[in-house]
$ cat model23.cif   # mmCIF, C-alpha atoms
data_protein
loop_
_atom_site.label_atom_id
_atom_site.label_comp_id
_atom_site.auth_asym_id
_atom_site.auth_seq_id
_atom_site.Cartn_x
_atom_site.Cartn_y
_atom_site.Cartn_z
CA MET A 30 14.82 1.67 -23.59
CA SER A 31 14.31 0.47 -20.06
CA ALA A 32 12.53 3.72 -19.22
CA THR A 33 9.73 2.97 -21.67
CA VAL A 34 9.37 -0.61 -20.45
CA ASP A 35 8.86 0.80 -16.98
CA THR A 36 6.18 3.28 -18.00
CA ALA A 37 4.32 0.49 -19.76
CA ASN A 38 4.31 -1.54 -16.58
CA TYR A 39 3.19 1.46 -14.54
CA GLY A 40 0.34 1.97 -16.99
CA TYR A 41 -0.76 -1.63 -16.73
CA VAL A 42 -0.63 -1.81 -12.95
CA THR A 43 -2.26 1.56 -12.31
CA ALA A 44 -5.09 0.81 -14.75
CA ARG A 45 -5.90 -2.40 -12.91
CA VAL A 46 -5.52 -0.81 -9.53
CA ARG A 47 -7.74 2.14 -10.36
CA SER A 48 -10.45 -0.15 -11.60
CA ARG A 49 -10.30 -2.09 -8.34
CA ARG A 50 -10.21 1.07 -6.30
CA ALA A 51 -13.42 2.17 -7.97
CA SER A 52 -15.21 -1.07 -7.15
CA LEU A 53 -14.57 -0.88 -3.40
CA PHE A 54 -17.58 -0.36 -1.14
CA ASP A 55 -18.84 3.19 -1.07
CA GLU A 56 -20.71 5.19 1.49
CA SER A 57 -24.13 3.82 0.64
CA ASP A 58 -22.87 0.24 0.94
CA TYR A 59 -21.57 1.02 4.40
CA ARG A 60 -24.83 2.63 5.35
CA LYS A 61 -26.58 -0.59 4.40
CA LEU A 62 -24.03 -2.76 6.19
CA VAL A 63 -24.32 -0.83 9.44
CA ARG A 64 -28.05 -1.60 9.53
CA MET A 65 -27.52 -5.35 9.12
CA GLY A 66 -26.87 -8.17 11.55
CA PRO A 67 -23.84 -10.49 11.19
CA GLY A 68 -25.83 -13.06 9.21
CA GLU A 69 -27.08 -10.45 6.78
CA ILE A 70 -23.59 -9.01 6.38
CA ALA A 71 -22.34 -12.46 5.44
CA ARG A 72 -25.12 -12.81 2.90
CA PHE A 73 -24.46 -9.35 1.50
CA MET A 74 -20.80 -10.18 1.09
CA GLU A 75 -21.64 -13.34 -0.82
CA GLU A 76 -23.16 -11.16 -3.50
CA THR A 77 -20.14 -8.90 -3.88
CA GLU A 78 -16.43 -9.05 -4.48
CA TYR A 79 -16.03 -11.51 -1.58
CA GLU A 80 -18.16 -14.25 -3.11
CA THR A 81 -15.36 -16.73 -3.84
CA GLU A 82 -13.84 -16.48 -0.39
CA MET A 83 -17.18 -16.69 1.39
CA ASN A 84 -18.06 -19.85 -0.52
CA ALA A 85 -14.65 -21.42 -0.02
CA LEU A 86 -14.64 -20.84 3.72
CA GLY A 87 -18.38 -21.13 4.34
CA ALA A 88 -18.22 -24.83 5.19
CA ARG A 89 -15.52 -24.48 7.81
CA TYR A 90 -16.46 -21.31 9.64
CA GLY A 91 -19.56 -19.43 10.53
CA GLY A 92 -20.70 -16.05 11.78
CA VAL A 93 -18.23 -13.27 12.30
CA ASP A 94 -15.20 -15.57 12.02
CA LEU A 95 -16.26 -16.45 8.51
CA ILE A 96 -16.48 -12.77 7.61
CA GLU A 97 -13.09 -12.07 9.10
CA TYR A 98 -11.29 -14.94 7.37
CA ALA A 99 -12.98 -14.16 4.07
CA LEU A 100 -11.85 -10.54 4.37
CA ASN A 101 -8.27 -11.55 5.09
CA ARG A 102 -8.16 -14.03 2.27
CA ASN A 103 -9.60 -11.56 -0.20
CA LEU A 104 -7.11 -8.93 0.89
CA ALA A 105 -4.28 -11.40 0.41
CA LYS A 106 -5.55 -12.31 -3.05
CA HIS A 107 -5.65 -8.72 -4.23
CA PHE A 108 -2.27 -7.78 -2.80
CA ASP A 109 -0.67 -10.90 -4.23
CA ASP A 110 -2.07 -9.83 -7.58
CA LEU A 111 -0.32 -6.49 -7.24
CA LEU A 112 3.02 -8.20 -6.76
CA ARG A 113 2.27 -10.48 -9.68
CA PHE A 114 1.47 -7.54 -12.00
CA ALA A 115 4.39 -5.35 -11.13
CA ASP A 116 7.94 -5.54 -12.44
CA GLY A 117 11.27 -4.01 -11.57
CA GLU A 118 11.21 -0.78 -9.65
CA LEU A 119 7.46 -0.80 -9.12
CA TYR A 120 7.60 -4.33 -7.68
CA ASP A 121 10.25 -3.24 -5.26
CA TYR A 122 8.21 -0.27 -4.04
CA ILE A 123 5.03 -2.30 -3.61
CA ALA A 124 6.85 -5.12 -1.86
CA ARG A 125 8.38 -2.72 0.63
CA TYR A 126 4.97 -1.71 1.76
CA LEU A 127 3.41 -5.17 1.68
CA ARG A 128 6.17 -6.65 3.80
CA LYS A 129 4.05 -5.22 6.57
CA PHE A 130 2.05 -8.43 6.23
CA ASP A 131 5.21 -10.52 6.38
CA ALA A 132 5.98 -8.75 9.65
CA TRP A 133 2.45 -9.44 10.84
CA ASN A 134 2.75 -13.12 9.88
CA ILE A 135 6.08 -13.52 11.62
CA LYS A 136 4.61 -12.05 14.78
CA THR A 137 1.58 -14.31 14.54
CA VAL A 138 3.80 -17.37 14.13
CA ILE A 139 6.12 -16.37 16.96
CA ARG A 140 3.20 -15.76 19.29
CA GLY A 141 1.55 -18.99 18.22
CA VAL A 142 4.69 -21.04 18.77
CA TYR A 143 5.30 -19.27 22.08
CA THR A 144 1.85 -20.18 23.37
CA ASP A 145 1.95 -23.70 21.86
CA SER A 146 -1.11 -23.04 19.74
CA ASP A 147 -2.54 -25.53 17.33
CA GLN A 148 -0.96 -25.30 13.87
CA GLN A 149 -4.32 -24.93 12.22
CA GLU A 150 -5.12 -21.98 14.46
CA ILE A 151 -1.93 -20.20 13.52
CA THR A 152 -2.52 -20.89 9.83
CA ASP A 153 -6.01 -19.40 10.07
CA ASP A 154 -4.66 -16.14 11.42
CA LEU A 155 -2.02 -15.63 8.74
CA ILE A 156 -2.64 -13.03 6.06
CA ARG A 157 -0.85 -14.31 3.01
CA ALA A 158 -0.49 -10.93 1.40
CA GLY A 159 3.19 -10.27 1.81
CA GLU A 160 6.18 -11.40 -0.16
CA PHE A 161 6.71 -14.69 1.67
CA SER A 162 5.79 -17.75 -0.34
CA ASP A 163 3.17 -20.18 0.93
CA GLN A 164 5.86 -22.81 1.40
CA LEU A 165 7.89 -20.56 3.66
CA LEU A 166 4.84 -19.67 5.73
CA ASP A 167 3.84 -23.31 6.06
CA ARG A 168 7.32 -24.24 7.16
CA LEU A 169 7.26 -21.42 9.71
CA VAL A 170 3.97 -22.66 11.12
CA GLU A 171 5.40 -26.16 11.42
CA SER A 172 8.27 -24.91 13.57
CA THR A 173 8.35 -26.37 17.03
CA SER A 174 10.49 -23.73 18.70
CA ILE A 175 11.12 -20.04 18.33
CA GLU A 176 14.74 -20.75 17.53
CA MET A 177 13.56 -22.74 14.55
CA VAL A 178 11.40 -19.85 13.35
CA VAL A 179 14.33 -17.48 13.59
CA GLU A 180 16.54 -19.93 11.73
CA ARG A 181 14.02 -20.42 8.92
CA LEU A 182 13.79 -16.66 8.47
CA SER A 183 17.54 -16.23 8.14
CA ASN A 184 17.36 -15.67 4.37
CA THR A 185 14.77 -12.90 4.57
CA ILE A 186 15.22 -9.25 5.40
CA PHE A 187 14.11 -10.01 8.94
CA GLY A 188 16.87 -12.56 9.46
CA PRO A 189 19.75 -10.48 10.83
CA ALA A 190 17.55 -8.40 13.14
CA LEU A 191 15.87 -11.49 14.58
CA GLU A 192 19.19 -13.25 15.11
CA ASP A 193 20.48 -10.20 16.98
CA ALA A 194 17.40 -10.10 19.17
CA TYR A 195 17.26 -13.80 19.88
CA PRO A 196 19.79 -13.87 22.78
CA ASP A 197 17.79 -11.06 24.35
CA TYR A 198 14.67 -13.17 24.12
CA GLU A 199 16.41 -16.21 25.61
CA GLU A 200 17.52 -14.11 28.52
CA THR A 201 14.23 -12.41 29.33
CA GLY A 202 11.73 -14.99 28.06
CA VAL A 203 9.37 -12.32 26.69
CA LEU A 204 8.58 -11.72 23.05
CA VAL A 205 8.96 -7.94 23.02
CA PRO A 206 12.60 -7.91 21.78
CA LEU A 207 11.74 -10.21 18.87
CA GLU A 208 8.64 -8.27 17.91
CA ASN A 209 10.46 -4.97 18.06
CA ALA A 210 13.21 -6.45 15.91
CA VAL A 211 10.64 -7.46 13.29
CA ASP A 212 9.09 -3.99 13.27
CA ARG A 213 12.40 -2.24 13.05
CA ALA A 214 13.59 -4.48 10.21
CA PHE A 215 10.38 -3.73 8.36
CA TYR A 216 10.59 0.03 8.75
CA SER A 217 14.27 0.31 7.95
CA ASP A 218 13.75 -1.76 4.80
CA MET A 219 10.76 0.36 3.84
CA LEU A 220 12.81 3.55 3.72
CA GLY A 221 16.12 2.02 2.69
CA GLU A 222 17.89 2.33 -0.66
CA PHE A 223 15.92 4.63 -2.87
CA PRO A 224 17.48 5.96 -6.08
CA GLU A 225 19.78 8.96 -5.72
CA GLU A 226 17.55 11.24 -7.71
CA PRO A 227 14.04 9.88 -7.39
CA SER A 228 11.29 10.93 -9.76
CA GLU A 229 8.58 13.21 -8.46
CA GLY A 230 6.20 10.33 -7.80
CA THR A 231 8.82 8.34 -5.94
CA ARG A 232 9.76 11.36 -3.88
CA LEU A 233 6.15 11.69 -2.84
CA TYR A 234 5.99 8.00 -2.07
CA ILE A 235 8.90 8.42 0.31
CA ARG A 236 7.14 11.37 1.85
CA PHE A 237 4.00 9.34 2.20
CA LEU A 238 5.85 6.54 3.95
CA ARG A 239 7.43 9.01 6.31
CA ALA A 240 4.04 10.55 6.99
CA GLU A 241 2.81 7.12 7.86
CA ILE A 242 5.67 6.61 10.30
CA ASP A 243 4.98 10.00 11.82
CA PHE A 244 1.31 9.25 12.26
CA ARG A 245 2.16 5.95 13.86
CA ASN A 246 4.54 7.68 16.25
CA VAL A 247 1.88 10.25 17.10
CA ARG A 248 -0.63 7.53 17.74
CA ASN A 249 1.73 5.56 19.95
CA ALA A 250 2.70 8.70 21.81
CA LEU A 251 -0.93 9.61 22.43
CA ARG A 252 -1.82 6.13 23.57
CA LEU A 253 1.11 6.04 25.95
CA ALA A 254 0.34 9.51 27.28
CA ARG A 255 -3.27 8.54 27.73
CA SER A 256 -2.70 5.23 29.44
CA GLY A 257 -0.39 6.88 31.93
CA ALA A 258 1.59 3.66 32.12
CA ASP A 259 5.22 3.86 32.99
CA ILE A 260 6.56 2.64 29.67
CA ASP A 261 9.56 4.05 27.90
CA PRO A 262 8.18 5.69 24.73
CA GLY A 263 11.62 5.31 23.16
CA ALA A 264 11.08 1.55 22.95
CA TYR A 265 8.17 2.12 20.60
CA TYR A 266 9.73 4.91 18.62
CA ILE A 267 10.13 4.31 14.90
CA PRO A 268 13.02 6.28 13.39
CA ASP A 269 13.11 8.21 10.08
CA GLY A 270 9.91 10.16 10.51
CA ARG A 271 9.88 13.86 9.73
CA LEU A 272 8.13 14.97 12.85
CA PHE A 273 10.24 14.21 15.86
CA ASP A 274 13.26 12.37 17.11
CA GLU A 275 13.42 9.98 20.00
CA SER A 276 14.19 12.45 22.78
CA GLU A 277 11.48 14.85 21.66
CA LEU A 278 8.98 12.05 21.64
CA ARG A 279 9.96 10.97 25.13
CA GLN A 280 9.50 14.49 26.39
CA LEU A 281 6.18 15.06 24.66
CA THR A 282 4.41 11.92 25.78
CA ALA A 283 4.56 13.27 29.31
CA ASN A 284 1.95 15.87 28.47
CA ILE A 285 -0.87 15.67 25.95
CA GLY A 286 -1.39 19.43 25.80
CA GLN A 287 2.24 19.92 24.83
CA LEU A 288 2.02 17.19 22.22
CA THR A 289 -1.02 18.69 20.47
CA GLU A 290 0.63 22.10 20.55
CA TYR A 291 3.73 20.59 18.94
CA LEU A 292 1.64 18.94 16.22
CA ARG A 293 -0.09 22.22 15.46
CA GLN A 294 3.25 23.76 14.61
CA GLY A 295 4.62 20.77 12.69
CA PRO A 296 4.50 20.00 8.97
CA TYR A 297 1.10 18.30 9.18
CA ALA A 298 -0.62 21.23 10.85
CA SER A 299 -3.13 21.85 8.05
CA ASP A 300 -3.93 18.16 7.52
CA LEU A 301 -4.44 17.49 11.18
CA ASP A 302 -6.13 20.71 12.17
CA ASP A 303 -9.64 19.26 12.35
CA ALA A 304 -8.42 16.13 14.06
CA LEU A 305 -6.57 18.11 16.70
CA SER A 306 -9.53 20.35 17.46
CA GLU A 307 -11.63 17.26 17.83
CA LEU A 308 -9.09 15.71 20.16
CA GLU A 309 -9.10 18.78 22.35
CA ALA A 310 -12.86 19.15 22.30
CA ALA A 311 -14.05 15.58 22.64
CA ASP A 312 -11.04 14.26 24.44
CA SER A 313 -11.47 11.03 22.54
CA LEU A 314 -8.63 9.05 21.04
CA ILE A 315 -10.91 7.06 18.77
CA GLU A 316 -11.99 10.20 16.94
CA PHE A 317 -8.44 11.37 16.62
CA GLU A 318 -7.12 8.09 15.27
CA ARG A 319 -9.95 8.01 12.80
CA ALA A 320 -9.10 11.50 11.63
CA LEU A 321 -5.45 10.48 11.23
CA GLN A 322 -6.46 7.58 9.00
CA GLN A 323 -8.76 9.79 7.02
CA ALA A 324 -6.02 12.36 6.49
CA LEU A 325 -3.64 9.66 5.20
CA LEU A 326 -6.25 8.25 2.84
CA GLU A 327 -7.13 11.64 1.43
CA TYR A 328 -3.47 12.48 0.99
CA ALA A 329 -2.92 9.27 -0.96
CA ASP A 330 -5.92 10.00 -3.18
CA THR A 331 -4.69 13.50 -3.94
CA LEU A 332 -1.31 12.11 -4.98
CA THR A 333 -3.06 9.61 -7.25
CA ASN A 334 -4.69 12.32 -9.27
CA ARG A 335 -1.57 14.39 -9.45
CA TYR A 336 0.85 11.62 -10.43
CA PRO A 337 -1.15 9.02 -12.33
CA LEU A 338 1.84 7.04 -13.62
CA SER A 339 3.65 6.44 -10.38
CA ILE A 340 3.50 4.29 -7.28
CA CYS A 341 0.91 6.65 -5.79
CA PRO A 342 -2.29 5.08 -7.20
CA VAL A 343 -1.10 1.67 -6.03
CA ILE A 344 -0.44 2.86 -2.52
CA ALA A 345 -3.77 4.68 -2.43
CA TYR A 346 -5.49 1.46 -3.44
CA ILE A 347 -3.65 -0.59 -0.84
CA ARG A 348 -4.62 1.84 1.89
CA ALA A 349 -8.23 2.02 0.72
CA LYS A 350 -8.53 -1.75 0.56
CA GLU A 351 -7.09 -2.10 4.03
CA ARG A 352 -9.58 0.44 5.28
CA GLU A 353 -12.42 -1.41 3.65
CA VAL A 354 -11.43 -4.64 5.34
CA ASP A 355 -11.04 -2.85 8.66
CA ASN A 356 -14.41 -1.17 8.25
CA ILE A 357 -16.30 -4.35 7.48
CA ARG A 358 -14.56 -6.12 10.32
CA ALA A 359 -15.46 -3.26 12.65
CA ILE A 360 -19.09 -3.45 11.60
CA ALA A 361 -19.29 -7.22 12.00
CA ARG A 362 -17.42 -7.31 15.32
CA GLY A 363 -19.36 -4.30 16.57
CA LYS A 364 -22.66 -5.96 15.77
CA GLU A 365 -21.51 -9.13 17.49
CA ALA A 366 -20.60 -7.15 20.60
CA GLY A 367 -23.96 -5.39 20.53
CA LEU A 368 -22.82 -1.84 19.82
CA THR A 369 -25.39 0.59 18.49
CA ASP A 370 -25.37 1.73 14.87
CA GLU A 371 -24.09 5.17 15.86
CA GLU A 372 -21.20 3.74 17.82
CA ILE A 373 -20.18 1.60 14.87
CA GLU A 374 -20.47 4.49 12.45
CA GLU A 375 -18.01 6.40 14.58
CA GLU A 376 -15.43 3.70 13.96
CA LEU A 377 -15.65 3.78 10.19
CA VAL A 378 -13.25 5.64 7.98
CA ILE A 379 -14.94 6.47 4.70
CA VAL A 380 -13.55 8.59 1.91
CA MET B 233 41.14 19.02 -42.95
CA MET B 234 39.55 19.53 -46.32
CA GLU B 235 39.19 23.05 -47.59
CA ILE B 236 35.90 24.09 -49.11
CA THR B 237 36.77 25.12 -52.63
CA PRO B 238 34.21 26.55 -55.06
CA MET B 239 34.33 23.27 -56.94
CA LEU B 240 33.45 21.22 -53.85
CA LEU B 241 30.62 23.62 -53.04
CA GLY B 242 29.21 23.10 -56.50
CA ALA B 243 29.36 19.36 -56.05
CA MET B 244 27.49 19.64 -52.74
CA VAL B 245 24.69 21.68 -54.32
CA LEU B 246 24.40 19.13 -57.09
CA GLN B 247 24.28 16.35 -54.55
CA ALA B 248 21.56 18.13 -52.52
CA SER B 249 19.25 18.48 -55.45
CA ALA B 250 19.82 14.80 -56.16
CA ILE B 251 17.70 14.00 -53.06
CA PRO B 252 14.06 14.03 -54.16
CA ALA B 253 11.72 16.40 -52.30
CA LYS B 254 9.45 13.54 -51.19
CA SER B 255 12.20 11.95 -49.15
CA GLY B 256 11.61 14.55 -46.41
CA ILE B 257 8.07 13.29 -46.09
CA ALA B 258 9.31 9.72 -45.94
CA ILE B 259 11.58 10.57 -43.01
CA GLY B 260 8.70 12.45 -41.38
CA VAL B 261 6.32 9.49 -41.66
CA GLY B 262 8.94 7.18 -40.23
CA LEU B 263 9.59 9.42 -37.24
CA ALA B 264 5.86 9.89 -36.64
CA ALA B 265 5.36 6.13 -36.66
CA ILE B 266 8.15 5.65 -34.13
CA GLY B 267 6.60 8.32 -31.91
CA ALA B 268 3.15 6.77 -32.17
CA GLY B 269 4.59 3.39 -31.33
CA MET B 270 6.24 4.68 -28.19
CA ALA B 271 3.03 6.36 -27.07
CA GLU B 272 0.93 3.28 -27.80
CA ARG B 273 3.18 1.11 -25.75
CA SER B 274 2.03 2.40 -22.37
CA ILE B 275 -1.51 3.11 -23.51
CA GLY B 276 -1.80 -0.45 -24.76
CA ALA B 277 -0.47 -1.82 -21.49
CA ALA B 278 -2.91 0.30 -19.51
CA ALA B 279 -5.78 -0.67 -21.81
CA ILE B 280 -5.04 -4.37 -21.37
CA GLY B 281 -5.03 -3.78 -17.62
CA ALA B 282 -8.40 -2.09 -17.74
CA ILE B 283 -9.90 -4.77 -20.01
CA ALA B 284 -8.62 -7.50 -17.69
CA GLU B 285 -10.59 -5.90 -14.86
CA ASP B 286 -13.70 -5.12 -16.84
CA ASP B 287 -14.67 -6.53 -20.27
CA ASP B 288 -16.79 -3.48 -21.06
CA MET B 289 -13.58 -1.52 -21.47
CA LEU B 290 -12.68 -3.38 -24.67
CA VAL B 291 -14.07 -0.76 -27.06
CA TYR B 292 -12.63 2.19 -25.15
CA GLY B 293 -9.36 0.35 -24.78
CA ILE B 294 -8.93 -0.16 -28.52
CA LEU B 295 -10.10 3.36 -29.25
CA LEU B 296 -7.68 4.99 -26.85
CA THR B 297 -4.81 2.74 -27.90
CA VAL B 298 -4.98 3.85 -31.53
CA ILE B 299 -5.36 7.59 -30.87
CA PRO B 300 -1.61 8.27 -31.27
CA GLU B 301 -1.98 6.69 -34.71
CA THR B 302 -3.41 10.05 -35.82
CA LEU B 303 0.16 11.35 -35.73
CA VAL B 304 1.09 8.98 -38.54
CA ILE B 305 -2.00 9.97 -40.48
CA PHE B 306 -1.03 13.65 -40.24
CA ALA B 307 2.44 12.76 -41.50
CA LEU B 308 0.97 10.78 -44.39
CA ALA B 309 -1.37 13.64 -45.24
CA LEU B 310 1.66 15.80 -45.99
CA ASN B 311 2.33 13.54 -48.95
CA PHE B 312 -0.73 14.95 -50.68
CA VAL B 313 -0.10 18.62 -49.94
#
$ encode --input "model23.cif" --output "structure tokens"
Amino acid sequence: MSATVDTANYGYVTARVRSRRASLFDESDYRKLVRMGPGEIARFMEETEYETEMNALGARYGGVDLIEYALNRNLAKHFDDLLRFADGELYDYIARYLRKFDAWNIKTVIRGVYTDSDQQEITDDLIRAGEFSDQLLDRLVESTSIEMVVERLSNTIFGPALEDAYPDYEETGVLVPLENAVDRAFYSDMLGEFPEEPSEGTRLYIRFLRAEIDFRNVRNALRLARSGADIDPGAYYIPDGRLFDESELRQLTANIGQLTEYLRQGPYASDLDDALSELEAADSLIEFERALQQALLEYADTLTNRYPLSICPVIAYIRAKEREVDNIRAIARGKEAGLTDEEIEEELVIV
Amino acid sequence: MMEITPMLLGAMVLQASAIPAKSGIAIGVGLAAIGAGMAERSIGAAAIGAIAEDDDMLVYGILLTVIPETLVIFALALNFV
């Protein structure tokens, strides 16, 4: 019987998610937005999906900050909804992915406490989209020392990793060990404990997550190779990808030509072909990173159509929503910084 | 173990004809209704999801939810064949 209960829940969640996916901004909306100034963007947003958030925050903030906070709050609202809708297995899969925001929030709090920032400032920068309750987040923000933050997180999945990293932090006085611990806890939880014989949709979800890890590794590797800084790539390596292991990554970051050649032979060759040609031709990381994002989004959308009653539509929606928020933020921030329309358009990822 | 004697066989045949022909249809309708119910379960959930997002979906939602009901109608139609 439990199998049928599950399909009912999948049906409910995917129906809602697909409807929301369809109402995201499309290409013509972006074309309009790119031609607007920050004030006009804010006004445009008041007439769309973001109305409630814009009105709620309008009194406290203005300009691009208002847009940014409204975007974050709207994102949090939608992702919280997803967790509210889903049950059982589906909840677990969605939560794994959304814990990304928990990781983000922990890092924000740790950095805020480290720099003695105002509590209100830290609260403003939180994205309450993850699994953490508001009470937990508020208590984290109220912490007066990093030790307190670590202690208050002891019951979460980040607890053990943070406790292990804490002595390291005390010794060195820099945040890197703690932040790496958070990231590692997040990624190992994301790929941990799947059923022995996953269904086709779940199998693809796992593959999607691994693709995401791979793309992140590629991006980090390229950035490191490009910056030429003497940083150990191993410290930024995320395990469990399909593409390369730690030693390969270390070797490849030394030389961009070698890295692109390696990617051309790897499992993502066909997806990344255009992106790689562009990287070689234009020598621009921005273009390449954009193409990576586009490839991931398109992959998620393909899976949605192939496996309608699975986690895939949900993950496609989450990615698309994140992209939308990133796009609008890029437009608003770009306008503020005085970039031209063409330069901003280059930053957008539209499917 | 009971042996099948001619007498027992005769009793079984008698018994079989004691079940009216219509009872097959009754079983069929019951099974069809169970099948339709199982199908409607996820369709109904999905329809409620769609209606929650967009009120205009109400008509389509109801329409799509009851489509598996045709299975029961087919089963009932057999009654009149």
$ residues_around --input "model23.cif" --residues "Ser52 (chain A)" --least-positions-apart "4" --cutoff "9 Å" --atoms "only C-alpha atoms" --output "PyMOL selection string"
chain A and resi 47-48+78
$ interface_residues --input "model23.cif" --of "chain B" --to "chain A" --cutoff "9 Å" --atoms "only C-alpha atoms" --output "PyMOL selection string"
chain B and resi 270+273-286
$ atom_distance --input "model23.cif" --atom1 "CA of Tyr143 (chain A)" --atom2 "CA of Ile175 (chain A)"
7.0 Å
$ atom_distance --input "model23.cif" --atom1 "CA of Glu200 (chain A)" --atom2 "CA of Ala214 (chain A)"
21.1 Å
$ resolve_selection --input "model23.cif" --expression "the PyMOL selection byres ((chain A and resi 61) around 12)" --output "JSON, numbers by chain"
{"A": [54, 55, 56, 57, 58, 59, 60, 62, 63, 64, 65, 66, 69, 70, 73, 74, 357, 360, 370, 374]}
$ atom_distance --input "model23.cif" --atom1 "CA of Pro206 (chain A)" --atom2 "CA of Glu318 (chain A)"
26.2 Å
$ residues_near_point --input "model23.cif" --point "(4.2, -24.0, 18.1)" --cutoff "7 Å" --atoms "all atoms listed in the file" --output "MDAnalysis selection string"
chainID A and resid 141:148 172:174
$ closest_residue --input "model23.cif" --among "A:Glu176, A:Glu199, A:Asp153, A:Asp330" --to "Ala51 (chain A)" --atoms "all atoms listed in the file"
A:Asp330
$ build_atoms --input "model23.cif" --residues "region 104-115 of chain A" --atoms "N, CA and C atoms" --output "compact mmCIF listing (two decimals), keeping the file's coordinate frame"
# COMPACT_ATOMS: atom_id res chain seq x y z
N LEU A 104 -8.19 -9.92 0.85
CA LEU A 104 -7.11 -8.93 0.89
C LEU A 104 -5.81 -9.53 0.35
N ALA A 105 -5.52 -10.73 0.83
CA ALA A 105 -4.28 -11.40 0.41
C ALA A 105 -4.30 -11.65 -1.10
N LYS A 106 -5.47 -12.03 -1.62
CA LYS A 106 -5.55 -12.31 -3.05
C LYS A 106 -5.23 -11.06 -3.86
N HIS A 107 -5.85 -9.95 -3.46
CA HIS A 107 -5.65 -8.72 -4.23
C HIS A 107 -4.21 -8.22 -4.13
N PHE A 108 -3.63 -8.30 -2.95
CA PHE A 108 -2.27 -7.78 -2.80
C PHE A 108 -1.26 -8.69 -3.47
N ASP A 109 -1.54 -10.00 -3.48
CA ASP A 109 -0.67 -10.90 -4.23
C ASP A 109 -0.72 -10.57 -5.71
N ASP A 110 -1.92 -10.24 -6.18
CA ASP A 110 -2.07 -9.83 -7.58
C ASP A 110 -1.16 -8.65 -7.90
N LEU A 111 -1.14 -7.68 -7.00
CA LEU A 111 -0.32 -6.49 -7.24
C LEU A 111 1.13 -6.89 -7.46
N LEU A 112 1.63 -7.79 -6.62
CA LEU A 112 3.02 -8.20 -6.76
C LEU A 112 3.22 -8.99 -8.05
N ARG A 113 2.18 -9.70 -8.45
CA ARG A 113 2.27 -10.48 -9.68
C ARG A 113 2.32 -9.55 -10.90
N PHE A 114 1.53 -8.46 -10.86
CA PHE A 114 1.47 -7.54 -12.00
C PHE A 114 2.77 -6.76 -12.17
N ALA A 115 3.34 -6.35 -11.06
CA ALA A 115 4.39 -5.35 -11.13
C ALA A 115 5.75 -5.95 -11.45
